[in-house]
file entry.cif (mmCIF, C-alpha atoms)
data_entry
loop_
_atom_site.label_atom_id
_atom_site.label_comp_id
_atom_site.auth_asym_id
_atom_site.auth_seq_id
_atom_site.Cartn_x
_atom_site.Cartn_y
_atom_site.Cartn_z
CA MET A 1 13.96 1.89 -21.70
CA THR A 2 17.32 0.20 -21.17
CA ASP A 3 18.88 3.49 -20.07
CA VAL A 4 16.07 4.02 -17.58
CA ILE A 5 16.57 0.53 -16.09
CA ALA A 6 20.33 1.06 -15.87
CA ALA A 7 19.86 4.42 -14.13
CA LYS A 8 17.44 2.91 -11.61
CA GLU A 9 19.81 0.02 -10.98
CA ARG A 10 22.74 2.37 -10.30
CA LEU A 11 20.57 4.21 -7.80
CA LEU A 12 19.56 0.98 -6.07
CA THR A 13 23.17 -0.15 -5.89
CA ALA A 14 24.23 3.18 -4.41
CA GLN A 15 21.48 3.15 -1.82
CA ASP A 16 21.60 -0.47 -0.73
CA ARG A 17 24.76 -2.34 0.22
CA VAL A 18 24.61 -6.03 -0.57
CA GLN A 19 24.76 -6.77 3.17
CA ASP A 20 21.55 -4.79 3.61
CA LEU A 21 19.86 -6.82 0.90
CA ASN A 22 20.99 -10.09 2.47
CA GLN A 23 19.86 -8.92 5.90
CA GLN A 24 16.38 -8.24 4.57
CA ALA A 25 16.35 -11.58 2.76
CA TRP A 26 17.19 -13.50 5.94
CA ASP A 27 14.57 -11.58 7.91
CA HIS A 28 11.98 -12.65 5.35
CA ALA A 29 13.30 -16.23 5.39
CA VAL A 30 12.53 -16.47 9.11
CA ASP A 31 9.01 -15.20 8.51
CA ARG A 32 8.46 -17.64 5.64
CA GLY A 33 9.78 -20.58 7.66
CA ASP A 34 10.86 -22.70 4.68
CA ASN A 35 14.63 -22.34 5.12
CA PRO A 36 16.13 -25.08 7.33
CA TYR A 37 18.75 -22.65 8.68
CA THR A 38 15.99 -20.68 10.38
CA HIS A 39 14.53 -23.68 12.26
CA ILE A 40 15.20 -23.65 16.00
CA VAL A 41 16.38 -26.65 18.00
CA SER A 42 13.87 -28.52 20.10
CA SER A 43 13.63 -28.40 23.87
CA ALA A 44 14.46 -32.10 23.86
CA ARG A 45 17.81 -31.44 22.19
CA VAL A 46 18.56 -28.64 24.64
CA ALA A 47 17.74 -30.93 27.58
CA ALA A 48 19.98 -33.65 26.13
CA ALA A 49 22.83 -31.16 25.71
CA ARG A 50 22.50 -30.26 29.40
CA ARG A 51 23.07 -33.94 30.17
CA GLY A 52 26.18 -34.01 27.98
CA ASP A 53 24.47 -35.66 25.03
CA TRP A 54 25.01 -33.20 22.18
CA SER A 55 26.41 -32.71 18.70
CA LEU A 56 26.91 -29.63 16.59
CA THR A 57 26.83 -29.09 12.83
CA VAL A 58 28.07 -26.10 10.84
CA SER A 59 27.55 -27.77 7.46
CA GLU A 60 24.91 -29.97 5.86
CA GLN A 61 25.16 -33.32 7.64
CA ARG A 62 28.43 -34.20 9.35
CA PRO A 63 28.78 -33.09 12.97
CA VAL A 64 31.82 -31.17 14.11
CA PRO A 65 34.22 -33.57 15.90
CA ARG A 66 33.61 -33.13 19.62
CA HIS A 67 37.29 -32.83 20.42
CA TRP A 68 37.37 -29.71 18.23
CA LEU A 69 34.93 -28.08 20.67
CA GLU A 70 35.75 -29.44 24.10
CA PRO A 71 36.00 -28.49 26.86
CA LEU A 72 32.90 -26.31 26.64
CA ALA A 73 32.13 -25.79 30.33
CA GLY A 74 32.91 -22.15 31.04
CA ALA A 75 34.36 -21.52 27.57
CA ARG A 76 33.62 -18.12 26.03
CA VAL A 77 32.16 -18.90 22.62
CA LEU A 78 31.32 -16.53 19.79
CA CYS A 79 28.82 -17.84 17.24
CA LEU A 80 29.50 -15.66 14.21
CA ALA A 81 26.82 -15.18 11.53
CA SER A 82 25.14 -18.01 13.39
CA GLY A 83 21.64 -16.81 14.26
CA GLY A 84 18.62 -19.05 13.86
CA GLY A 85 18.43 -20.80 17.22
CA GLN A 86 20.62 -23.74 16.25
CA GLN A 87 24.28 -23.69 17.31
CA ALA A 88 24.14 -21.14 20.17
CA PRO A 89 21.49 -22.94 22.29
CA ILE A 90 23.32 -26.28 22.09
CA LEU A 91 26.61 -24.69 23.14
CA ALA A 92 24.96 -22.73 25.96
CA ALA A 93 23.19 -25.86 27.23
CA ALA A 94 26.53 -27.69 27.19
CA GLY A 95 27.96 -25.08 29.58
CA ALA A 96 29.54 -22.41 27.38
CA ALA A 97 29.12 -18.65 27.79
CA VAL A 98 27.72 -17.86 24.35
CA THR A 99 27.48 -14.69 22.30
CA VAL A 100 25.79 -14.93 18.91
CA VAL A 101 26.31 -12.30 16.20
CA ASP A 102 24.17 -12.10 13.10
CA LEU A 103 23.18 -9.52 10.50
CA SER A 104 19.51 -10.54 10.69
CA SER A 105 17.49 -9.35 13.67
CA ARG A 106 14.87 -12.01 12.97
CA GLN A 107 17.50 -14.77 13.07
CA LEU A 108 18.64 -13.42 16.44
CA ASP A 109 15.01 -13.50 17.56
CA GLN A 110 15.15 -17.27 17.07
CA ASP A 111 18.04 -17.54 19.54
CA ARG A 112 16.30 -15.26 22.03
CA PHE A 113 13.15 -17.37 21.75
CA VAL A 114 15.02 -20.59 22.55
CA ALA A 115 16.89 -18.90 25.40
CA ASP A 116 13.62 -17.73 26.97
CA ARG A 117 11.88 -21.04 26.34
CA ASP A 118 14.61 -23.21 27.84
CA GLY A 119 16.18 -20.90 30.42
CA LEU A 120 19.51 -20.36 28.64
CA GLU A 121 21.96 -17.48 28.91
CA ILE A 122 22.72 -16.28 25.38
CA THR A 123 23.97 -12.81 24.46
CA THR A 124 22.85 -11.59 21.04
CA MET A 125 24.30 -8.81 18.92
CA GLN A 126 23.23 -7.60 15.50
CA ALA A 127 26.32 -6.78 13.44
CA ASP A 128 28.14 -7.32 10.17
CA MET A 129 30.57 -10.23 10.53
CA ALA A 130 33.30 -8.02 9.03
CA ASP A 131 32.90 -5.44 11.83
CA LEU A 132 33.05 -6.79 15.38
CA SER A 133 34.30 -3.51 16.85
CA ALA A 134 31.73 -3.73 19.64
CA LEU A 135 33.49 -6.86 20.93
CA PRO A 136 36.72 -6.78 22.96
CA ASP A 137 40.15 -7.97 21.91
CA GLN A 138 40.81 -11.59 22.96
CA GLY A 139 37.35 -11.92 24.46
CA PHE A 140 36.62 -15.46 23.26
CA ASP A 141 38.15 -18.92 23.50
CA LEU A 142 36.25 -20.44 20.57
CA LEU A 143 34.61 -19.02 17.46
CA ILE A 144 31.95 -20.95 15.53
CA ASN A 145 31.18 -19.80 11.97
CA PRO A 146 28.67 -21.93 10.06
CA VAL A 147 28.46 -21.59 6.27
CA SER A 148 28.02 -17.85 5.79
CA THR A 149 31.07 -16.37 4.08
CA LEU A 150 29.26 -16.72 0.73
CA PHE A 151 27.17 -13.70 1.79
CA VAL A 152 30.21 -11.45 2.33
CA PRO A 153 31.98 -9.61 -0.53
CA ASP A 154 35.41 -9.40 1.16
CA LEU A 155 36.81 -11.97 3.58
CA THR A 156 39.97 -10.13 4.64
CA PRO A 157 38.27 -8.04 7.38
CA VAL A 158 36.31 -11.09 8.55
CA TRP A 159 39.43 -13.14 9.24
CA ALA A 160 41.16 -10.14 10.81
CA GLU A 161 38.27 -9.64 13.22
CA CYS A 162 38.16 -13.34 14.07
CA HIS A 163 41.85 -13.23 14.91
CA ARG A 164 41.45 -10.09 17.03
CA VAL A 165 38.59 -11.33 19.23
CA LEU A 166 40.12 -14.77 19.92
CA VAL A 167 42.57 -15.42 22.73
CA ASP A 168 46.02 -16.71 21.84
CA GLY A 169 45.60 -20.39 21.08
CA GLY A 170 41.86 -19.94 20.55
CA ALA A 171 40.13 -21.89 17.79
CA LEU A 172 38.10 -20.81 14.78
CA ILE A 173 35.75 -23.40 13.28
CA SER A 174 34.40 -22.23 9.93
CA GLY A 175 32.28 -23.91 7.28
CA PHE A 176 32.23 -22.59 3.74
CA LEU A 177 30.64 -23.48 0.43
CA ASN A 178 32.69 -25.25 -2.22
CA PRO A 179 33.39 -22.40 -4.67
CA ASP A 180 33.27 -24.80 -7.62
CA GLU A 181 29.46 -24.94 -7.24
CA PHE A 182 29.25 -21.42 -8.60
CA VAL A 183 30.57 -22.39 -12.03
CA PHE A 184 27.15 -23.90 -12.84
CA ASP A 185 23.96 -22.12 -13.88
CA SER A 186 22.01 -22.24 -10.61
CA GLU A 187 18.57 -22.07 -12.23
CA ALA A 188 19.30 -24.95 -14.61
CA LEU A 189 20.65 -27.03 -11.73
CA ASP A 190 17.99 -26.22 -9.14
CA ASP A 191 14.98 -26.28 -11.47
CA HIS A 192 15.94 -29.00 -13.94
CA GLY A 193 18.88 -30.91 -12.45
CA VAL A 194 21.02 -30.01 -15.47
CA PHE A 195 24.70 -29.09 -15.15
CA VAL A 196 25.42 -26.07 -17.34
CA VAL A 197 28.86 -24.50 -16.99
CA LYS A 198 28.21 -20.76 -17.04
CA ASN A 199 30.12 -18.60 -14.57
CA PRO A 200 33.85 -17.80 -14.38
CA LEU A 201 35.24 -17.92 -10.86
CA PRO A 202 35.37 -16.17 -8.49
CA HIS A 203 31.72 -15.26 -8.96
CA SER A 204 29.68 -12.35 -7.58
CA GLU A 205 25.94 -12.48 -8.20
CA ILE A 206 25.34 -8.82 -7.40
CA ASP A 207 27.77 -7.94 -10.22
CA SER A 208 26.99 -10.66 -12.77
CA LEU A 209 23.19 -10.70 -12.76
CA SER A 210 21.40 -8.49 -15.24
CA PRO A 211 19.64 -5.41 -13.83
CA GLU A 212 16.32 -7.16 -14.37
CA ALA A 213 17.48 -10.31 -12.58
CA ARG A 214 18.89 -8.28 -9.67
CA GLN A 215 15.61 -6.45 -9.29
CA ARG A 216 13.68 -9.72 -9.42
CA ARG A 217 15.98 -11.22 -6.76
CA ARG A 218 15.32 -8.20 -4.54
CA GLN A 219 11.56 -8.39 -5.03
CA GLU A 220 11.59 -12.10 -4.17
CA ASN A 221 13.72 -11.43 -1.06
CA GLY A 222 16.48 -13.70 -2.28
CA THR A 223 20.07 -13.56 -1.04
CA PHE A 224 23.08 -12.54 -3.12
CA HIS A 225 26.16 -14.80 -3.03
CA PHE A 226 29.92 -14.57 -3.53
CA SER A 227 31.93 -17.66 -4.45
CA HIS A 228 35.36 -16.49 -3.20
CA THR A 229 38.34 -18.75 -3.84
CA MET A 230 40.13 -21.39 -1.81
CA GLU A 231 42.98 -18.90 -1.59
CA THR A 232 40.81 -16.28 0.14
CA GLN A 233 39.01 -18.87 2.28
CA ILE A 234 41.97 -20.92 3.48
CA GLY A 235 44.91 -18.77 2.48
CA GLY A 236 43.17 -15.76 4.00
CA VAL A 237 42.85 -17.52 7.36
CA ILE A 238 46.55 -18.40 7.31
CA ALA A 239 47.49 -14.85 6.31
CA ALA A 240 45.44 -13.50 9.23
CA GLY A 241 47.64 -15.39 11.69
CA PHE A 242 46.01 -18.81 12.08
CA THR A 243 47.33 -22.33 11.59
CA ILE A 244 44.87 -24.90 10.25
CA ASP A 245 44.80 -28.11 12.25
CA GLY A 246 41.55 -29.74 11.12
CA PHE A 247 39.56 -30.13 7.91
CA TYR A 248 36.68 -32.21 6.52
CA GLU A 249 34.15 -32.24 3.65
CA ASP A 250 30.37 -32.57 3.62
CA ARG A 251 27.69 -33.09 0.98
CA ARG A 252 24.21 -31.75 0.46
CA THR A 253 21.35 -33.74 1.96
CA GLU A 254 18.95 -35.90 -0.03
CA ALA A 255 16.15 -33.54 1.03
CA ASP A 256 18.00 -30.62 -0.54
CA GLY A 257 17.24 -32.10 -3.96
CA ASN A 258 20.31 -30.69 -5.69
CA PRO A 259 21.94 -33.52 -7.72
CA ILE A 260 25.39 -32.03 -7.19
CA ARG A 261 25.59 -34.15 -4.03
CA HIS A 262 26.20 -37.21 -6.23
CA PHE A 263 29.35 -35.70 -7.74
CA MET A 264 31.23 -33.62 -5.19
CA PRO A 265 31.17 -32.20 -1.67
CA SER A 266 29.39 -28.88 -1.29
CA VAL A 267 30.79 -27.75 2.05
CA PHE A 268 34.25 -27.67 3.61
CA VAL A 269 34.84 -27.22 7.35
CA MET A 270 38.17 -26.17 8.85
CA ARG A 271 39.50 -25.64 12.35
CA ALA A 272 42.23 -23.04 12.77
CA ARG A 273 44.23 -21.99 15.82
CA LYS A 274 45.27 -18.42 16.56
CA VAL A 275 49.04 -18.39 16.61
#
call {"tool": "encode", "arguments": {"input": "entry.cif", "output": "structure tokens"}}
result
Amino acid sequence: MTDVIAAKERLLTAQDRVQDLNQQAWDHAVDRGDNPYTHIVSSARVAAARRGDWSLTVSEQRPVPRHWLEPLAGARVLCLASGGGQQAPILAAAGAAVTVVDLSSRQLDQDRFVADRDGLEITTMQADMADLSALPDQGFDLLINPVSTLFVPDLTPVWAECHRVLVDGGALISGFLNPDEFVFDSEALDDHGVFVVKNPLPHSEIDSLSPEARQRRRQENGTFHFSHTMETQIGGVIAAGFTIDGFYEDRRTEADGNPIRHFMPSVFVMRARKV
């Protein structure tokens, strides 16, 4: 029986790239409606942004400093792996020319819905964040990347593409999960609030889960995560040709329920300039 399971798992791995699995998981998350990152902004917030009253988050709670984003009027902004009808509508209402790229077609549907509802101009494109070949060189002044690199197995092509599509002096604002979170057993922490050190870092769930657990994750339409390292997150951005000129930390919300918020930040946000 074990040999049969292993053979089936090798076939599944060969047929389905992890990005495909995560795409399907996010599509289902939109349909379920229980993931806060699939919840669209209200018309009231869009109207306020048109009046100049806006804020933007790419992490759990803390807003991005406004001076990191301004001026927005007429700026060409790429929202990368940023579907869900959250960041793109606010930026468009504030006067930016916005393109949003996401792997999930259903997440992009959320942005198209808000654009139609509130009369916004938003360009949407379904693509892998590591392959932006459909976009021109130096086509954007600002790139917004909310917490999403944990869904990508290799960050090197992501940072290279970000550098390519930004103008000289353009800014990349990226949020990413604290890799130290992955050292803990996620089920023990999420289900029982117990900290159990389990995983060596960097951690890849698609590789470390048992065949049975991988199959169960697929059947439940769950996402697969990669912890990466600070070296690949921050050092990779520097190696791609950026200089980092802004950084802050954020913690999980009370509503999230994860007790890790009492002990350490869960999200880091950096701003980097294309040299």
call {"tool": "resolve_selection", "arguments": {"input": "entry.cif", "expression": "the PyMOL selection byres ((chain A and resi 171) around 8)", "output": "list of chain:residue names"}}
result
A:Asp141, A:Leu142, A:Leu143, A:Leu166, A:Gly169, A:Gly170, A:Leu172, A:Ile173, A:Arg271, A:Ala272, A:Arg273, A:Lys274
call {"tool": "resolve_selection", "arguments": {"input": "entry.cif", "expression": "the PyMOL selection byres ((chain A and resi 158) around 9)", "output": "list in words"}}
result
Met129, Ala130, Asp131, Leu132, Thr149, Val152, Asp154, Leu155, Thr156, Pro157, Trp159, Ala160, Glu161, Cys162 and His163 of chain A
call {"tool": "closest_residue", "arguments": {"input": "entry.cif", "among": "A:Ser43, A:Ser105, A:Gln138, A:Thr232", "to": "Leu120 (chain A)", "atoms": "only C-alpha atoms"}}
result
A:Ser43
call {"tool": "closest_atom_pairs", "arguments": {"input": "entry.cif", "of": "region 57-128 of chain A", "to": "region 19-23 of chain A", "cutoff": "12 Å", "atoms": "only C-alpha atoms", "output": "tab-separated table"}}
result
residue	atom	partner	partner_atom	distance
A:Ala81	CA	A:Gln23	CA	10.9
A:Gly83	CA	A:Gln23	CA	11.6
A:Asp102	CA	A:Gln23	CA	9.0
A:Leu103	CA	A:Gln23	CA	5.7
A:Ser104	CA	A:Gln23	CA	5.1
A:Ser105	CA	A:Gln23	CA	8.1
A:Arg106	CA	A:Gln23	CA	9.2
A:Gln107	CA	A:Gln23	CA	9.5
A:Leu108	CA	A:Gln23	CA	11.5
A:Gln126	CA	A:Gln23	CA	10.3
A:Ala127	CA	A:Gln23	CA	10.2
A:Asp128	CA	A:Gln19	CA	7.8
call {"tool": "resolve_selection", "arguments": {"input": "entry.cif", "expression": "the PyMOL selection byres ((chain A and resi 39) around 9)", "output": "ChimeraX atom specification"}}
result
/A:30,33-38,40-41,84-86,110
call {"tool": "closest_residue", "arguments": {"input": "entry.cif", "among": "A:Asp111, A:Asp190, A:Glu121, A:Asp168", "to": "Phe140 (chain A)", "atoms": "only C-alpha atoms"}}
result
A:Asp168
call {"tool": "residues_around", "arguments": {"input": "entry.cif", "residues": "Ala93 (chain A)", "least_positions_apart": "4", "cutoff": "8 Å", "atoms": "all atoms listed in the file", "output": "PDB file with C-alpha atoms, in the coordinates of the input"}}
result
ATOM      1  CA  VAL A  46      18.560 -28.640  24.640  1.00  0.00           C
ATOM      2  CA  ALA A  47      17.740 -30.930  27.580  1.00  0.00           C
ATOM      3  CA  ALA A  49      22.830 -31.160  25.710  1.00  0.00           C
ATOM      4  CA  ARG A  50      22.500 -30.260  29.400  1.00  0.00           C
ATOM      5  CA  PRO A  89      21.490 -22.940  22.290  1.00  0.00           C
ATOM      6  CA  LEU A 120      19.510 -20.360  28.640  1.00  0.00           C
TER       7      LEU A 120
END
call {"tool": "closest_residue", "arguments": {"input": "entry.cif", "among": "A:Leu56, A:Val269, A:Ile238, A:Leu80", "to": "Ile144 (chain A)", "atoms": "only C-alpha atoms"}}
result
A:Leu80
call {"tool": "residues_near_point", "arguments": {"input": "entry.cif", "point": "(18.0, -30.0, 4.6)", "cutoff": "8 Å", "atoms": "only C-alpha atoms", "output": "list in words"}}
result
Pro36, Glu60, Arg252, Thr253, Glu254, Ala255 and Asp256 of chain A
call {"tool": "atom_distance", "arguments": {"input": "entry.cif", "atom1": "CA of Phe176 (chain A)", "atom2": "CA of His225 (chain A)"}}
result
12.0 Å
call {"tool": "atom_distance", "arguments": {"input": "entry.cif", "atom1": "CA of Phe268 (chain A)", "atom2": "CA of His67 (chain A)"}}
result
17.8 Å
call {"tool": "atom_distance", "arguments": {"input": "entry.cif", "atom1": "CA of Glu231 (chain A)", "atom2": "CA of Met264 (chain A)"}}
result
19.2 Å
call {"tool": "closest_residue", "arguments": {"input": "entry.cif", "among": "A:Val237, A:Ala88, A:Met230, A:Ala73", "to": "Val267 (chain A)", "atoms": "all atoms listed in the file"}}
result
A:Met230
call {"tool": "closest_residue", "arguments": {"input": "entry.cif", "among": "A:Ala240, A:Ala94, A:Gln61, A:Tyr248", "to": "Arg261 (chain A)", "atoms": "all atoms listed in the file"}}
result
A:Gln61
call {"tool": "residues_near_point", "arguments": {"input": "entry.cif", "point": "(30.0, -15.3, -2.3)", "cutoff": "9 Å", "atoms": "all atoms listed in the file", "output": "short mmCIF file (atom, residue, chain, number, x, y, z; two decimals) with C-alpha atoms, in the coordinates of the input"}}
result
data_model
loop_
_atom_site.label_atom_id
_atom_site.label_comp_id
_atom_site.auth_asym_id
_atom_site.auth_seq_id
_atom_site.Cartn_x
_atom_site.Cartn_y
_atom_site.Cartn_z
CA SER A 148 28.02 -17.85 5.79
CA THR A 149 31.07 -16.37 4.08
CA LEU A 150 29.26 -16.72 0.73
CA PHE A 151 27.17 -13.70 1.79
CA VAL A 152 30.21 -11.45 2.33
CA PRO A 153 31.98 -9.61 -0.53
CA ASP A 154 35.41 -9.40 1.16
CA LEU A 177 30.64 -23.48 0.43
CA PRO A 179 33.39 -22.40 -4.67
CA PHE A 182 29.25 -21.42 -8.60
CA PRO A 202 35.37 -16.17 -8.49
CA HIS A 203 31.72 -15.26 -8.96
CA SER A 204 29.68 -12.35 -7.58
CA GLU A 205 25.94 -12.48 -8.20
CA PHE A 224 23.08 -12.54 -3.12
CA HIS A 225 26.16 -14.80 -3.03
CA PHE A 226 29.92 -14.57 -3.53
CA SER A 227 31.93 -17.66 -4.45
CA HIS A 228 35.36 -16.49 -3.20
#
call {"tool": "closest_residue", "arguments": {"input": "entry.cif", "among": "A:Ile260, A:Thr243, A:Arg45, A:Trp68", "to": "Phe184 (chain A)", "atoms": "only C-alpha atoms"}}
result
A:Ile260
call {"tool": "residues_around", "arguments": {"input": "entry.cif", "residues": "Gln87 (chain A)", "least_positions_apart": "4", "cutoff": "8 Å", "atoms": "only C-alpha atoms", "output": "list in words"}}
result
Leu56, Thr57, Val58, Cys79, Ser82, Gly83 and Leu91 of chain A
call {"tool": "build_atoms", "arguments": {"input": "entry.cif", "residues": "region 122-132 of chain A", "atoms": "all heavy atoms", "output": "PDB file, keeping the file's coordinate frame"}}
result
ATOM      1  N   ILE A 122      22.121 -16.528  26.690  1.00  0.00           N
ATOM      2  CA  ILE A 122      22.720 -16.280  25.380  1.00  0.00           C
ATOM      3  C   ILE A 122      22.706 -14.779  25.129  1.00  0.00           C
ATOM      4  O   ILE A 122      21.663 -14.136  25.209  1.00  0.00           O
ATOM      5  CB  ILE A 122      21.946 -16.997  24.251  1.00  0.00           C
ATOM      6  CG1 ILE A 122      21.999 -18.518  24.432  1.00  0.00           C
ATOM      7  CG2 ILE A 122      22.509 -16.614  22.884  1.00  0.00           C
ATOM      8  CD1 ILE A 122      21.164 -19.288  23.415  1.00  0.00           C
ATOM      9  N   THR A 123      23.864 -14.229  24.827  1.00  0.00           N
ATOM     10  CA  THR A 123      23.970 -12.810  24.460  1.00  0.00           C
ATOM     11  C   THR A 123      23.862 -12.682  22.962  1.00  0.00           C
ATOM     12  O   THR A 123      24.533 -13.411  22.223  1.00  0.00           O
ATOM     13  CB  THR A 123      25.313 -12.223  24.939  1.00  0.00           C
ATOM     14  OG1 THR A 123      25.403 -12.345  26.359  1.00  0.00           O
ATOM     15  CG2 THR A 123      25.422 -10.754  24.554  1.00  0.00           C
ATOM     16  N   THR A 124      23.017 -11.783  22.477  1.00  0.00           N
ATOM     17  CA  THR A 124      22.850 -11.590  21.040  1.00  0.00           C
ATOM     18  C   THR A 124      23.298 -10.195  20.638  1.00  0.00           C
ATOM     19  O   THR A 124      23.151  -9.231  21.384  1.00  0.00           O
ATOM     20  CB  THR A 124      21.383 -11.788  20.612  1.00  0.00           C
ATOM     21  OG1 THR A 124      20.553 -10.833  21.291  1.00  0.00           O
ATOM     22  CG2 THR A 124      20.900 -13.190  20.947  1.00  0.00           C
ATOM     23  N   MET A 125      23.846 -10.097  19.432  1.00  0.00           N
ATOM     24  CA  MET A 125      24.300  -8.810  18.920  1.00  0.00           C
ATOM     25  C   MET A 125      24.110  -8.775  17.411  1.00  0.00           C
ATOM     26  O   MET A 125      24.573  -9.671  16.701  1.00  0.00           O
ATOM     27  CB  MET A 125      25.782  -8.580  19.250  1.00  0.00           C
ATOM     28  CG  MET A 125      26.288  -7.205  18.850  1.00  0.00           C
ATOM     29  SD  MET A 125      28.041  -6.965  19.287  1.00  0.00           S
ATOM     30  CE  MET A 125      28.843  -7.735  17.884  1.00  0.00           C
ATOM     31  N   GLN A 126      23.419  -7.765  16.931  1.00  0.00           N
ATOM     32  CA  GLN A 126      23.230  -7.600  15.500  1.00  0.00           C
ATOM     33  C   GLN A 126      24.407  -6.818  14.935  1.00  0.00           C
ATOM     34  O   GLN A 126      24.660  -5.680  15.338  1.00  0.00           O
ATOM     35  CB  GLN A 126      21.922  -6.871  15.191  1.00  0.00           C
ATOM     36  CG  GLN A 126      21.609  -6.789  13.700  1.00  0.00           C
ATOM     37  CD  GLN A 126      20.271  -6.135  13.417  1.00  0.00           C
ATOM     38  OE1 GLN A 126      19.630  -5.598  14.313  1.00  0.00           O
ATOM     39  NE2 GLN A 126      19.850  -6.177  12.159  1.00  0.00           N
ATOM     40  N   ALA A 127      25.140  -7.432  14.007  1.00  0.00           N
ATOM     41  CA  ALA A 127      26.320  -6.780  13.440  1.00  0.00           C
ATOM     42  C   ALA A 127      26.744  -7.488  12.167  1.00  0.00           C
ATOM     43  O   ALA A 127      26.419  -8.659  11.938  1.00  0.00           O
ATOM     44  CB  ALA A 127      27.481  -6.787  14.443  1.00  0.00           C
ATOM     45  N   ASP A 128      27.486  -6.769  11.358  1.00  0.00           N
ATOM     46  CA  ASP A 128      28.140  -7.320  10.170  1.00  0.00           C
ATOM     47  C   ASP A 128      29.322  -8.163  10.639  1.00  0.00           C
ATOM     48  O   ASP A 128      30.097  -7.743  11.499  1.00  0.00           O
ATOM     49  CB  ASP A 128      28.619  -6.151   9.304  1.00  0.00           C
ATOM     50  CG  ASP A 128      29.171  -6.590   7.955  1.00  0.00           C
ATOM     51  OD1 ASP A 128      29.755  -7.680   7.874  1.00  0.00           O
ATOM     52  OD2 ASP A 128      29.023  -5.814   6.994  1.00  0.00           O
ATOM     53  N   MET A 129      29.492  -9.353  10.087  1.00  0.00           N
ATOM     54  CA  MET A 129      30.570 -10.230  10.530  1.00  0.00           C
ATOM     55  C   MET A 129      31.954  -9.662  10.221  1.00  0.00           C
ATOM     56  O   MET A 129      32.952 -10.108  10.779  1.00  0.00           O
ATOM     57  CB  MET A 129      30.419 -11.622   9.933  1.00  0.00           C
ATOM     58  CG  MET A 129      30.548 -11.696   8.433  1.00  0.00           C
ATOM     59  SD  MET A 129      30.067 -13.318   7.762  1.00  0.00           S
ATOM     60  CE  MET A 129      31.313 -14.382   8.486  1.00  0.00           C
ATOM     61  N   ALA A 130      32.016  -8.662   9.343  1.00  0.00           N
ATOM     62  CA  ALA A 130      33.300  -8.020   9.030  1.00  0.00           C
ATOM     63  C   ALA A 130      33.602  -6.857   9.967  1.00  0.00           C
ATOM     64  O   ALA A 130      34.682  -6.263   9.874  1.00  0.00           O
ATOM     65  CB  ALA A 130      33.293  -7.518   7.591  1.00  0.00           C
ATOM     66  N   ASP A 131      32.695  -6.543  10.884  1.00  0.00           N
ATOM     67  CA  ASP A 131      32.900  -5.440  11.830  1.00  0.00           C
ATOM     68  C   ASP A 131      32.420  -5.858  13.212  1.00  0.00           C
ATOM     69  O   ASP A 131      31.245  -5.736  13.540  1.00  0.00           O
ATOM     70  CB  ASP A 131      32.159  -4.192  11.361  1.00  0.00           C
ATOM     71  CG  ASP A 131      32.341  -3.004  12.302  1.00  0.00           C
ATOM     72  OD1 ASP A 131      33.165  -3.107  13.238  1.00  0.00           O
ATOM     73  OD2 ASP A 131      31.653  -1.976  12.111  1.00  0.00           O
ATOM     74  N   LEU A 132      33.354  -6.349  14.012  1.00  0.00           N
ATOM     75  CA  LEU A 132      33.050  -6.790  15.380  1.00  0.00           C
ATOM     76  C   LEU A 132      33.616  -5.803  16.390  1.00  0.00           C
ATOM     77  O   LEU A 132      34.000  -6.175  17.494  1.00  0.00           O
ATOM     78  CB  LEU A 132      33.617  -8.191  15.616  1.00  0.00           C
ATOM     79  CG  LEU A 132      33.165  -9.282  14.635  1.00  0.00           C
ATOM     80  CD1 LEU A 132      33.841 -10.602  14.966  1.00  0.00           C
ATOM     81  CD2 LEU A 132      31.655  -9.421  14.623  1.00  0.00           C
TER      82      LEU A 132
END
